[in-house]
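**Q** Here you go, protein11.cif (mmCIF, C-alpha atoms and all ligand atoms):
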data_query
#
loop_
_atom_site.group_PDB
_atom_site.id
_atom_site.type_symbol
_atom_site.label_atom_id
_atom_site.label_comp_id
_atom_site.auth_asym_id
_atom_site.auth_seq_id
_atom_site.Cartn_x
_atom_site.Cartn_y
_atom_site.Cartn_z
ATOM 1 C CA MET U 24 12.614 22.881 -41.619
ATOM 2 C CA GLN U 25 12.075 22.467 -37.867
ATOM 3 C CA GLU U 26 14.840 20.992 -35.766
ATOM 4 C CA ASN U 27 12.687 18.256 -34.288
ATOM 5 C CA SER U 28 11.365 16.698 -37.451
ATOM 6 C CA VAL U 29 12.239 14.006 -39.934
ATOM 7 C CA VAL U 30 11.375 14.749 -43.533
ATOM 8 C CA PHE U 31 11.400 12.244 -46.356
ATOM 9 C CA GLU U 32 11.129 13.525 -49.862
ATOM 10 C CA ILE U 33 10.592 12.202 -53.348
ATOM 11 C CA LYS U 34 12.359 14.337 -55.912
ATOM 12 C CA GLY U 35 14.114 14.372 -59.259
ATOM 13 C CA PRO U 36 13.652 11.279 -61.470
ATOM 14 C CA ASP U 37 11.716 9.583 -58.637
ATOM 15 C CA TYR U 38 9.183 12.389 -58.632
ATOM 16 C CA SER U 39 8.508 12.019 -62.340
ATOM 17 C CA LYS U 40 8.150 8.233 -61.928
ATOM 18 C CA LEU U 41 5.683 8.804 -59.098
ATOM 19 C CA LYS U 42 3.626 11.161 -61.261
ATOM 20 C CA LYS U 43 3.536 8.581 -64.066
ATOM 21 C CA PHE U 44 2.490 5.897 -61.586
ATOM 22 C CA GLU U 45 -0.284 8.118 -60.185
ATOM 23 C CA ARG U 46 -1.530 8.898 -63.665
ATOM 24 C CA GLN U 47 -1.547 5.211 -64.595
ATOM 25 C CA HIS U 48 -3.541 4.388 -61.432
ATOM 26 C CA LYS U 49 -6.045 7.246 -61.615
ATOM 27 C CA LYS U 50 -8.957 4.856 -62.123
ATOM 28 C CA CYS U 51 -8.073 2.380 -59.368
ATOM 29 C CA PRO U 52 -10.566 1.662 -56.587
ATOM 30 C CA CYS U 53 -10.633 3.839 -53.485
ATOM 31 C CA GLY U 54 -12.035 7.307 -54.101
ATOM 32 C CA SER U 55 -9.786 10.167 -53.117
ATOM 33 C CA ALA U 56 -6.201 10.654 -54.185
ATOM 34 C CA PHE U 57 -5.206 10.833 -50.510
ATOM 35 C CA ASP U 58 -6.046 7.327 -49.387
ATOM 36 C CA LYS U 59 -5.291 5.644 -52.683
ATOM 37 C CA MET U 60 -1.517 5.535 -52.278
ATOM 38 C CA SER U 61 0.478 4.523 -49.234
ATOM 39 C CA TYR U 62 4.133 5.375 -48.855
ATOM 40 C CA SER U 63 6.862 3.688 -46.875
ATOM 41 C CA PHE U 64 10.391 4.963 -46.382
ATOM 42 C CA ASN U 65 12.978 2.446 -45.228
ATOM 43 C CA PRO U 66 16.438 3.778 -44.481
ATOM 44 C CA THR U 67 18.977 1.040 -45.216
ATOM 45 C CA SER U 68 22.736 0.991 -45.408
ATOM 46 C CA LEU U 69 22.410 1.241 -49.185
ATOM 47 C CA GLY U 70 20.157 4.277 -49.157
ATOM 48 C CA ILE U 71 16.476 4.985 -48.619
ATOM 49 C CA ALA U 72 14.133 2.454 -50.157
ATOM 50 C CA ILE U 73 10.773 4.028 -50.948
ATOM 51 C CA THR U 74 7.743 1.897 -51.655
ATOM 52 C CA VAL U 75 4.544 3.392 -53.014
ATOM 53 C CA LYS U 76 1.537 1.111 -52.935
ATOM 54 C CA CYS U 77 -1.725 1.733 -54.780
ATOM 55 C CA SER U 78 -5.070 0.520 -53.427
ATOM 56 C CA CYS U 79 -5.169 -2.007 -56.297
ATOM 57 C CA GLY U 80 -2.107 -3.755 -54.796
ATOM 58 C CA GLN U 81 0.487 -2.634 -57.337
ATOM 59 C CA THR U 82 3.729 -1.281 -55.905
ATOM 60 C CA LEU U 83 6.321 1.162 -57.182
ATOM 61 C CA HIS U 84 9.855 1.044 -55.774
ATOM 62 C CA LEU U 85 11.798 4.268 -55.644
ATOM 63 C CA GLY U 86 14.839 5.665 -53.898
ATOM 64 C CA ASN U 87 18.554 5.730 -54.339
ATOM 65 C CA PHE U 88 18.481 2.076 -53.463
ATOM 66 C CA MET U 89 20.536 -0.392 -55.476
ATOM 67 C CA ASP U 90 20.757 1.845 -58.540
ATOM 68 C CA MET U 91 16.988 1.999 -58.952
ATOM 69 C CA ASP U 92 17.531 5.597 -60.055
ATOM 70 C CA ASP U 93 18.911 4.455 -63.356
ATOM 71 C CA LYS U 94 15.923 2.412 -64.374
ATOM 72 C CA GLU U 95 13.354 3.864 -66.725
ATOM 73 C CA TYR U 96 9.696 3.820 -65.741
ATOM 74 C CA ASP U 97 8.265 0.651 -67.247
ATOM 75 C CA GLU U 98 4.533 1.153 -67.842
ATOM 76 C CA ASN U 99 3.964 -2.542 -68.277
ATOM 77 C CA ALA U 100 5.552 -3.498 -64.956
ATOM 78 C CA TYR U 101 3.395 -1.022 -63.030
ATOM 79 C CA LYS U 102 0.001 -1.475 -64.611
ATOM 80 C CA PRO U 103 -3.049 -1.464 -62.330
ATOM 81 C CA LEU U 104 -3.839 -4.871 -60.868
ATOM 82 C CA THR U 105 -7.202 -6.531 -61.233
ATOM 83 C CA PRO U 106 -8.431 -8.666 -58.290
ATOM 84 C CA ASP U 107 -7.276 -11.722 -60.290
ATOM 85 C CA ASP U 108 -3.798 -10.254 -60.836
ATOM 86 C CA LEU U 109 -3.520 -9.568 -57.132
ATOM 87 C CA LYS U 110 -4.600 -13.103 -56.283
ATOM 88 C CA ASN U 111 -1.997 -14.509 -58.686
ATOM 89 C CA LYS U 112 0.660 -12.242 -57.227
ATOM 90 C CA GLU U 113 -0.051 -13.507 -53.697
ATOM 91 C CA PHE U 114 -0.094 -17.096 -54.927
ATOM 92 C CA GLU U 115 3.282 -16.598 -56.619
ATOM 93 C CA GLU U 116 4.824 -15.053 -53.498
ATOM 94 C CA LEU U 117 3.681 -17.957 -51.359
ATOM 95 C CA ALA U 118 4.904 -20.574 -53.840
ATOM 96 C CA HIS U 119 8.229 -18.739 -54.008
ATOM 97 C CA GLN U 120 8.509 -18.706 -50.210
ATOM 98 C CA ILE U 121 7.905 -22.449 -49.962
ATOM 99 C CA LEU U 122 10.368 -23.191 -52.757
ATOM 100 C CA LEU U 123 13.072 -21.184 -50.979
ATOM 101 C CA MET U 124 13.158 -23.908 -48.325
ATOM 102 C CA GLU U 125 14.522 -26.365 -50.836
ATOM 103 C CA ASP U 126 17.834 -24.552 -50.450
ATOM 104 C CA PRO U 127 19.527 -25.956 -47.312
ATOM 105 C CA ARG U 128 21.402 -22.681 -46.751
ATOM 106 C CA TYR U 129 18.195 -20.680 -46.770
ATOM 107 C CA PHE U 130 16.547 -23.197 -44.469
ATOM 108 C CA ALA U 131 19.467 -23.021 -42.025
ATOM 109 C CA ILE U 132 19.158 -19.228 -41.837
ATOM 110 C CA GLY U 133 15.392 -19.302 -41.298
ATOM 111 C CA PHE U 134 15.173 -22.251 -38.939
ATOM 112 C CA GLY U 135 18.599 -22.386 -37.336
ATOM 113 C CA THR U 136 18.916 -26.100 -38.059
ATOM 114 C CA LYS U 137 19.908 -28.180 -41.009
ATOM 115 C CA LEU U 138 17.233 -29.000 -43.569
ATOM 116 C CA ARG U 139 14.912 -31.675 -42.218
ATOM 117 C CA PHE U 140 11.654 -32.960 -43.639
ATOM 118 C CA ASP U 141 9.254 -32.425 -40.730
ATOM 119 C CA PRO U 142 9.869 -28.740 -39.933
ATOM 120 C CA MET U 143 9.929 -27.976 -43.671
ATOM 121 C CA TYR U 144 6.698 -29.910 -44.266
ATOM 122 C CA TYR U 145 4.756 -28.376 -41.356
ATOM 123 C CA TYR U 146 5.899 -24.885 -42.271
ATOM 124 C CA ALA U 147 4.648 -25.372 -45.844
ATOM 125 C CA VAL U 148 1.376 -26.894 -44.621
ATOM 126 C CA GLY U 149 0.927 -23.925 -42.254
ATOM 127 C CA LEU U 150 1.424 -21.415 -45.057
ATOM 128 C CA ALA U 151 -0.941 -23.356 -47.294
ATOM 129 C CA ALA U 152 -3.692 -23.299 -44.672
ATOM 130 C CA TYR U 153 -4.150 -19.534 -44.982
ATOM 131 C CA GLY U 154 -3.080 -19.006 -48.557
ATOM 132 C CA ASP U 155 -4.418 -19.519 -52.040
ATOM 133 C CA GLU U 156 -6.018 -22.938 -52.539
ATOM 134 C CA ARG U 157 -3.615 -23.624 -55.413
ATOM 135 C CA ILE U 158 -0.862 -23.928 -52.807
ATOM 136 C CA SER U 159 -2.631 -26.564 -50.749
ATOM 137 C CA ARG U 160 -3.469 -28.468 -53.933
ATOM 138 C CA ALA U 161 0.259 -28.526 -54.759
ATOM 139 C CA ILE U 162 1.314 -30.000 -51.439
ATOM 140 C CA LEU U 163 1.793 -33.725 -51.208
ATOM 141 C CA TYR U 164 0.274 -34.350 -47.783
ATOM 142 C CA LYS U 165 1.525 -37.149 -45.568
ATOM 143 C CA GLN U 166 -1.883 -38.716 -45.863
ATOM 144 C CA SER U 167 -4.557 -38.299 -48.463
ATOM 145 C CA LEU U 168 -7.859 -39.925 -49.341
ATOM 146 C CA ASN U 169 -8.063 -42.064 -52.450
ATOM 147 C CA GLU U 170 -11.163 -42.636 -54.598
ATOM 148 C CA MET U 171 -12.203 -45.456 -52.274
ATOM 149 C CA HIS U 172 -12.187 -42.954 -49.389
ATOM 150 C CA SER U 173 -9.451 -44.716 -47.559
ATOM 151 C CA TYR U 174 -6.227 -43.168 -46.376
ATOM 152 C CA VAL U 175 -3.034 -43.576 -48.309
ATOM 153 C CA GLN U 176 0.403 -42.723 -46.961
ATOM 154 C CA ASN U 177 2.262 -40.620 -49.492
ATOM 155 C CA TYR U 178 5.690 -40.940 -47.928
ATOM 156 C CA ASP U 179 7.467 -44.096 -46.961
ATOM 157 C CA GLU U 180 8.287 -43.577 -43.273
ATOM 158 C CA SER U 181 11.453 -45.593 -43.628
ATOM 159 C CA SER U 182 12.895 -43.344 -46.317
ATOM 160 C CA SER U 183 15.415 -40.664 -45.463
ATOM 161 C CA ASP U 184 14.610 -36.991 -44.930
ATOM 162 C CA GLU U 185 16.483 -36.262 -48.108
ATOM 163 C CA GLU U 186 14.262 -38.582 -50.160
ATOM 164 C CA LYS U 187 11.058 -37.223 -48.628
ATOM 165 C CA ILE U 188 12.150 -33.649 -49.298
ATOM 166 C CA LYS U 189 12.905 -34.567 -52.901
ATOM 167 C CA ILE U 190 9.453 -36.166 -53.351
ATOM 168 C CA PHE U 191 7.748 -33.163 -51.742
ATOM 169 C CA PHE U 192 9.411 -30.606 -54.005
ATOM 170 C CA GLU U 193 9.097 -32.632 -57.202
ATOM 171 C CA HIS U 194 5.370 -32.893 -56.604
ATOM 172 C CA PHE U 195 5.030 -29.257 -55.524
ATOM 173 C CA LYS U 196 6.915 -27.902 -58.538
ATOM 174 C CA ALA U 197 5.006 -30.031 -61.027
ATOM 175 C CA LYS U 198 1.678 -28.734 -59.671
ATOM 176 C CA ILE U 199 2.816 -25.100 -59.515
ATOM 177 C CA ARG U 200 4.150 -25.358 -63.080
ATOM 178 C CA GLU U 201 0.691 -26.474 -64.229
ATOM 179 C CA GLU U 202 -0.887 -23.498 -62.454
ATOM 180 C CA VAL U 203 1.428 -20.812 -63.814
ATOM 181 C CA LYS U 204 0.870 -22.107 -67.346
ATOM 182 C CA LYS U 205 -2.807 -21.193 -67.007
ATOM 183 C CA TYR U 206 -2.093 -17.468 -67.063
ATOM 184 C CA ASN U 207 0.681 -15.108 -68.050
ATOM 185 C CA CYS U 208 2.997 -15.440 -65.060
ATOM 186 C CA GLU U 209 5.768 -12.853 -65.109
ATOM 187 C CA ASN U 210 7.303 -13.571 -61.711
ATOM 188 C CA VAL U 211 10.926 -14.133 -62.718
ATOM 189 C CA LYS U 212 12.021 -15.373 -59.275
ATOM 190 C CA LEU U 213 9.354 -18.069 -59.281
ATOM 191 C CA LEU U 214 9.858 -19.088 -62.919
ATOM 192 C CA GLU U 215 13.553 -19.470 -62.177
ATOM 193 C CA GLN U 216 12.743 -21.828 -59.287
ATOM 194 C CA LEU U 217 10.404 -23.861 -61.488
ATOM 195 C CA LYS U 218 12.914 -24.397 -64.259
ATOM 196 C CA GLU U 219 13.393 -28.068 -65.065
ATOM 197 C CA GLU U 220 16.906 -29.324 -64.719
HETATM 198 ZN ZN ZN J 1 -3.675 0.982 -58.797
#
In structure tokens, what does this structure look like?
Ligand SMILES: [Zn+2]
**A**
Amino acid sequence: MQENSVVFEIKGPDYSKLKKFERQHKKCPCGSAFDKMSYSFNPTSLGIAITVKCSCGQTLHLGNFMDMDDKEYDENAYKPLTPDDLKNKEFEELAHQILLMEDPRYFAIGFGTKLRFDPMYYYAVGLAAYGDERISRAILYKQSLNEMHSYVQNYDESSSDEEKIKIFFEHFKAKIREEVKKYNCENVKLLEQLKEE
């Protein structure tokens, strides 16, 4: 090895997982084996986290990172993604991100202020604008059009931030729950957030 180089390697149990992943994704779009997979190596204080991403959108996590070494290769978790799977995956990530804001501690870390309705609302609306349409359908907008094509206010301006936040998330969760029931959603983080109390 040359002095002035950095070399990352995939070896041992990781190497056999990678080979299984490659075999499972042989038929994925994107012709040659060279541009099909992308690799990222992230040194962290816990070890090197390795992410392998196939052109279909599926990812494989490797590395001596948080005891990942011990886990067996789970064929079902790494199956090739269809365009619909990928769309659902992106939808789930976005819904998860919005639902994180319900936690005042998380909000305080992200926004540097205590949880307030307006910044939370506009952040969610901003994410919805570029994301899956199921997200924007789940948002209770400040104003919406009724069947008579006149505007209705969905929040009582005199109510507290706390109440408005509660109304927003109750509505959002109910709509997202309906959506994830339409297919086999396996996103544990999101399903956990959607659990009814
Ligand atoms: Zn693939």
**Q** Once the PyMOL selection byres (((chain U and resi 125) around 12) and not hetatm) has been evaluated on this model, what residues remain selected, and can you format them as an MDAnalysis selection string?
**A** chainID U and resid 118:124 126:131 133 137:140 143:144 147 185 187:193 195:196 216:217
**Q** Any residue with an atom at most 12 Å from ligand ZN 1 (chain J) counts, using all atoms listed in the file. Which are they? Put them as a ChimeraX atom specification.
**A** /U:43-54,56,58-61,75-83,100-106,108-109
**Q** Once 3 Å is added on each side, what are the centre and the three edge lengths, in Å to one decimal, of the axis-aligned box enclosing the listed atoms of region 137-145 of chain U? Present them as JSON.
**A**
{"center_x": 12.3, "center_y": -30.5, "center_z": -42.1, "size_x": 21.2, "size_y": 11.0, "size_z": 10.3}
**Q** Which region 82-176 of chain U residues have any atom within 8 Å of an atom of region 30-41 of chain U, and for each, what is the nearest pair of atoms with distance in Å to one decimal, counting all atoms listed in the file, rows sorted by chain and number, as a Markdown table?
**A**
| residue | atom | partner | partner_atom | distance |
| --- | --- | --- | --- | --- |
| U:Leu83 | CA | U:Leu41 | CA | 7.9 |
| U:Leu85 | CA | U:Asp37 | CA | 6.1 |
| U:Gly86 | CA | U:Asp37 | CA | 6.9 |
| U:Asp92 | CA | U:Pro36 | CA | 7.0 |
| U:Tyr96 | CA | U:Lys40 | CA | 6.0 |
**Q** To verify the selection step, state as a PyMOL selection string which residues the PyMOL selection byres (((chain U and resi 159) around 12) and not hetatm) yields on this input.
**A** chain U and resi 114+117-118+121+144+147-158+160-164+194-195+198-199
**Q** What is the CA of Glu201 (chain U)-CA of Asn111 (chain U) distance in Å, reported with one decimal?
**A**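 So the answer is 13.5 Å.
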**Q** Could you jot down the CA of Leu168 (chain U) to CA of Asp141 (chain U) separation for me, Å, one decimal place?
**A**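 Those two atoms sit 20.6 Å apart.
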**Q** Please tell me which residues are no farther than 7 Å from (1.1, -15.7, -61.0) in the file, counting all atoms listed in the file, and write them as an mmCIF file with C-alpha atoms, keeping the file's coordinate frame.
**A**
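selection-v6.cif was written with the following content:
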data_model
loop_
_atom_site.group_PDB
_atom_site.id
_atom_site.type_symbol
_atom_site.label_atom_id
_atom_site.label_comp_id
_atom_site.auth_asym_id
_atom_site.auth_seq_id
_atom_site.Cartn_x
_atom_site.Cartn_y
_atom_site.Cartn_z
ATOM 1 C CA ASN U 111 -1.997 -14.509 -58.686
ATOM 2 C CA LYS U 112 0.660 -12.242 -57.227
ATOM 3 C CA PHE U 114 -0.094 -17.096 -54.927
ATOM 4 C CA GLU U 115 3.282 -16.598 -56.619
ATOM 5 C CA VAL U 203 1.428 -20.812 -63.814
ATOM 6 C CA CYS U 208 2.997 -15.440 -65.060
ATOM 7 C CA GLU U 209 5.768 -12.853 -65.109
ATOM 8 C CA ASN U 210 7.303 -13.571 -61.711
#
**Q** Quick one, how far is CA of Asp97 (chain U) from CA of Val211 (chain U)?
**A**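 CA of Asp97 (chain U) sits 15.7 Å away from CA of Val211 (chain U).
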**Q** Here is a test: counting all atoms listed in the file, which residue of U:His172, U:Lys110, U:Lys42, U:His84 is nearest to Tyr206 (chain U)?
**A**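 Closest to Tyr206 (chain U) of all the choices is U:Lys110.
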**Q** Apply the PyMOL selection byres (((chain U and resi 176) around 12) and not hetatm) to the file shown and report the selected residues as a PDB file with C-alpha atoms, in the frame of the given file.
**A**
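Full text of selection08.pdb as output:
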ATOM      1  CA  LEU U 163       1.793 -33.725 -51.208  1.00  0.00           C
ATOM      2  CA  TYR U 164       0.274 -34.350 -47.783  1.00  0.00           C
ATOM      3  CA  LYS U 165       1.525 -37.149 -45.568  1.00  0.00           C
ATOM      4  CA  GLN U 166      -1.883 -38.716 -45.863  1.00  0.00           C
ATOM      5  CA  SER U 167      -4.557 -38.299 -48.463  1.00  0.00           C
ATOM      6  CA  LEU U 168      -7.859 -39.925 -49.341  1.00  0.00           C
ATOM      7  CA  ASN U 169      -8.063 -42.064 -52.450  1.00  0.00           C
ATOM      8  CA  SER U 173      -9.451 -44.716 -47.559  1.00  0.00           C
ATOM      9  CA  TYR U 174      -6.227 -43.168 -46.376  1.00  0.00           C
ATOM     10  CA  VAL U 175      -3.034 -43.576 -48.309  1.00  0.00           C
ATOM     11  CA  ASN U 177       2.262 -40.620 -49.492  1.00  0.00           C
ATOM     12  CA  TYR U 178       5.690 -40.940 -47.928  1.00  0.00           C
ATOM     13  CA  ASP U 179       7.467 -44.096 -46.961  1.00  0.00           C
ATOM     14  CA  GLU U 180       8.287 -43.577 -43.273  1.00  0.00           C
ATOM     15  CA  SER U 181      11.453 -45.593 -43.628  1.00  0.00           C
TER      16      SER U 181
END
**Q** For the structure just given, write the atoms of region 70-109 of chain U, namely N, CA and C atoms, as a JSON list (two decimals), in the first residue's frame.
**A**
[["chain", "number", "residue", "atom", "x", "y", "z"],
["U", 70, "GLY", "N", -17.10, 3.13, 14.46],
["U", 70, "GLY", "CA", -16.56, 2.24, 13.44],
["U", 70, "GLY", "C", -16.87, 2.80, 12.07],
["U", 71, "ILE", "N", -16.59, 2.02, 11.03],
["U", 71, "ILE", "CA", -16.86, 2.50, 9.68],
["U", 71, "ILE", "C", -18.20, 1.97, 9.20],
["U", 72, "ALA", "N", -19.10, 2.89, 8.88],
["U", 72, "ALA", "CA", -20.40, 2.49, 8.36],
["U", 72, "ALA", "C", -20.30, 2.45, 6.85],
["U", 73, "ILE", "N", -20.61, 1.31, 6.27],
["U", 73, "ILE", "CA", -20.53, 1.16, 4.81],
["U", 73, "ILE", "C", -21.93, 1.01, 4.26],
["U", 74, "THR", "N", -22.26, 1.82, 3.28],
["U", 74, "THR", "CA", -23.56, 1.70, 2.64],
["U", 74, "THR", "C", -23.35, 1.35, 1.17],
["U", 75, "VAL", "N", -24.00, 0.31, 0.73],
["U", 75, "VAL", "CA", -23.97, -0.09, -0.67],
["U", 75, "VAL", "C", -25.35, 0.14, -1.22],
["U", 76, "LYS", "N", -25.43, 0.91, -2.32],
["U", 76, "LYS", "CA", -26.74, 1.21, -2.88],
["U", 76, "LYS", "C", -26.83, 0.70, -4.30],
["U", 77, "CYS", "N", -27.88, -0.06, -4.58],
["U", 77, "CYS", "CA", -28.12, -0.58, -5.93],
["U", 77, "CYS", "C", -28.88, 0.48, -6.74],
["U", 78, "SER", "N", -28.80, 0.37, -8.07],
["U", 78, "SER", "CA", -29.51, 1.32, -8.92],
["U", 78, "SER", "C", -31.03, 1.27, -8.73],
["U", 79, "CYS", "N", -31.53, 0.16, -8.17],
["U", 79, "CYS", "CA", -32.98, 0.06, -7.94],
["U", 79, "CYS", "C", -33.41, 0.87, -6.71],
["U", 80, "GLY", "N", -32.43, 1.31, -5.90],
["U", 80, "GLY", "CA", -32.76, 2.11, -4.71],
["U", 80, "GLY", "C", -32.59, 1.35, -3.40],
["U", 81, "GLN", "N", -32.43, 0.05, -3.49],
["U", 81, "GLN", "CA", -32.24, -0.75, -2.26],
["U", 81, "GLN", "C", -30.84, -0.51, -1.69],
["U", 82, "THR", "N", -30.74, -0.50, -0.37],
["U", 82, "THR", "CA", -29.44, -0.29, 0.25],
["U", 82, "THR", "C", -29.08, -1.45, 1.18],
["U", 83, "LEU", "N", -27.78, -1.69, 1.26],
["U", 83, "LEU", "CA", -27.23, -2.70, 2.16],
["U", 83, "LEU", "C", -26.27, -1.99, 3.11],
["U", 84, "HIS", "N", -26.46, -2.19, 4.42],
["U", 84, "HIS", "CA", -25.56, -1.55, 5.38],
["U", 84, "HIS", "C", -24.58, -2.57, 5.91],
["U", 85, "LEU", "N", -23.31, -2.20, 5.83],
["U", 85, "LEU", "CA", -22.24, -3.09, 6.28],
["U", 85, "LEU", "C", -21.34, -2.33, 7.24],
["U", 86, "GLY", "N", -20.32, -3.03, 7.72],
["U", 86, "GLY", "CA", -19.32, -2.37, 8.56],
["U", 86, "GLY", "C", -19.43, -2.80, 9.99],
["U", 87, "ASN", "N", -18.36, -2.55, 10.71],
["U", 87, "ASN", "CA", -18.32, -2.92, 12.12],
["U", 87, "ASN", "C", -19.03, -1.86, 12.95],
["U", 88, "PHE", "N", -20.20, -1.51, 12.49],
["U", 88, "PHE", "CA", -20.94, -0.37, 13.00],
["U", 88, "PHE", "C", -22.12, -0.89, 13.79],
["U", 89, "MET", "N", -22.16, -0.60, 15.06],
["U", 89, "MET", "CA", -23.29, -1.00, 15.91],
["U", 89, "MET", "C", -23.64, -2.48, 15.78],
["U", 90, "ASP", "N", -22.63, -3.31, 15.85],
["U", 90, "ASP", "CA", -22.84, -4.77, 15.84],
["U", 90, "ASP", "C", -23.54, -5.32, 14.61],
["U", 91, "MET", "N", -23.45, -4.58, 13.50],
["U", 91, "MET", "CA", -24.07, -5.06, 12.26],
["U", 91, "MET", "C", -23.45, -6.38, 11.83],
["U", 92, "ASP", "N", -22.19, -6.59, 12.23],
["U", 92, "ASP", "CA", -21.47, -7.80, 11.87],
["U", 92, "ASP", "C", -22.22, -9.07, 12.26],
["U", 93, "ASP", "N", -22.92, -8.97, 13.37],
["U", 93, "ASP", "CA", -23.55, -10.17, 13.91],
["U", 93, "ASP", "C", -24.81, -10.59, 13.17],
["U", 94, "LYS", "N", -25.37, -9.62, 12.43],
["U", 94, "LYS", "CA", -26.64, -9.95, 11.79],
["U", 94, "LYS", "C", -26.47, -10.81, 10.55],
["U", 95, "GLU", "N", -27.35, -11.77, 10.40],
["U", 95, "GLU", "CA", -27.36, -12.61, 9.21],
["U", 95, "GLU", "C", -27.89, -11.80, 8.03],
["U", 96, "TYR", "N", -27.53, -12.22, 6.82],
["U", 96, "TYR", "CA", -28.07, -11.59, 5.63],
["U", 96, "TYR", "C", -29.53, -11.99, 5.47],
["U", 97, "ASP", "N", -30.40, -11.02, 5.46],
["U", 97, "ASP", "CA", -31.84, -11.29, 5.37],
["U", 97, "ASP", "C", -32.32, -10.99, 3.95],
["U", 98, "GLU", "N", -32.47, -12.06, 3.16],
["U", 98, "GLU", "CA", -32.86, -11.91, 1.75],
["U", 98, "GLU", "C", -34.08, -11.03, 1.57],
["U", 99, "ASN", "N", -35.04, -11.18, 2.47],
["U", 99, "ASN", "CA", -36.29, -10.47, 2.33],
["U", 99, "ASN", "C", -36.12, -8.95, 2.52],
["U", 100, "ALA", "N", -35.22, -8.58, 3.42],
["U", 100, "ALA", "CA", -35.00, -7.16, 3.71],
["U", 100, "ALA", "C", -34.26, -6.45, 2.59],
["U", 101, "TYR", "N", -33.56, -7.23, 1.74],
["U", 101, "TYR", "CA", -32.72, -6.61, 0.72],
["U", 101, "TYR", "C", -33.19, -6.88, -0.70],
["U", 102, "LYS", "N", -34.43, -7.29, -0.84],
["U", 102, "LYS", "CA", -34.90, -7.64, -2.19],
["U", 102, "LYS", "C", -34.91, -6.41, -3.12],
["U", 103, "PRO", "N", -34.74, -6.66, -4.41],
["U", 103, "PRO", "CA", -34.75, -5.54, -5.36],
["U", 103, "PRO", "C", -36.04, -4.74, -5.26],
["U", 104, "LEU", "N", -35.93, -3.43, -5.41],
["U", 104, "LEU", "CA", -37.10, -2.57, -5.30],
["U", 104, "LEU", "C", -37.69, -2.30, -6.68],
["U", 105, "THR", "N", -39.01, -2.36, -6.76],
["U", 105, "THR", "CA", -39.69, -1.95, -7.98],
["U", 105, "THR", "C", -39.87, -0.43, -7.87],
["U", 106, "PRO", "N", -40.19, 0.25, -8.98],
["U", 106, "PRO", "CA", -40.43, 1.71, -8.88],
["U", 106, "PRO", "C", -41.49, 2.04, -7.83],
["U", 107, "ASP", "N", -42.50, 1.19, -7.68],
["U", 107, "ASP", "CA", -43.53, 1.42, -6.66],
["U", 107, "ASP", "C", -42.98, 1.29, -5.24],
["U", 108, "ASP", "N", -42.14, 0.27, -5.02],
["U", 108, "ASP", "CA", -41.51, 0.09, -3.72],
["U", 108, "ASP", "C", -40.70, 1.32, -3.35],
["U", 109, "LEU", "N", -39.97, 1.83, -4.35],
["U", 109, "LEU", "CA", -39.09, 2.97, -4.09],
["U", 109, "LEU", "C", -39.92, 4.20, -3.74]]
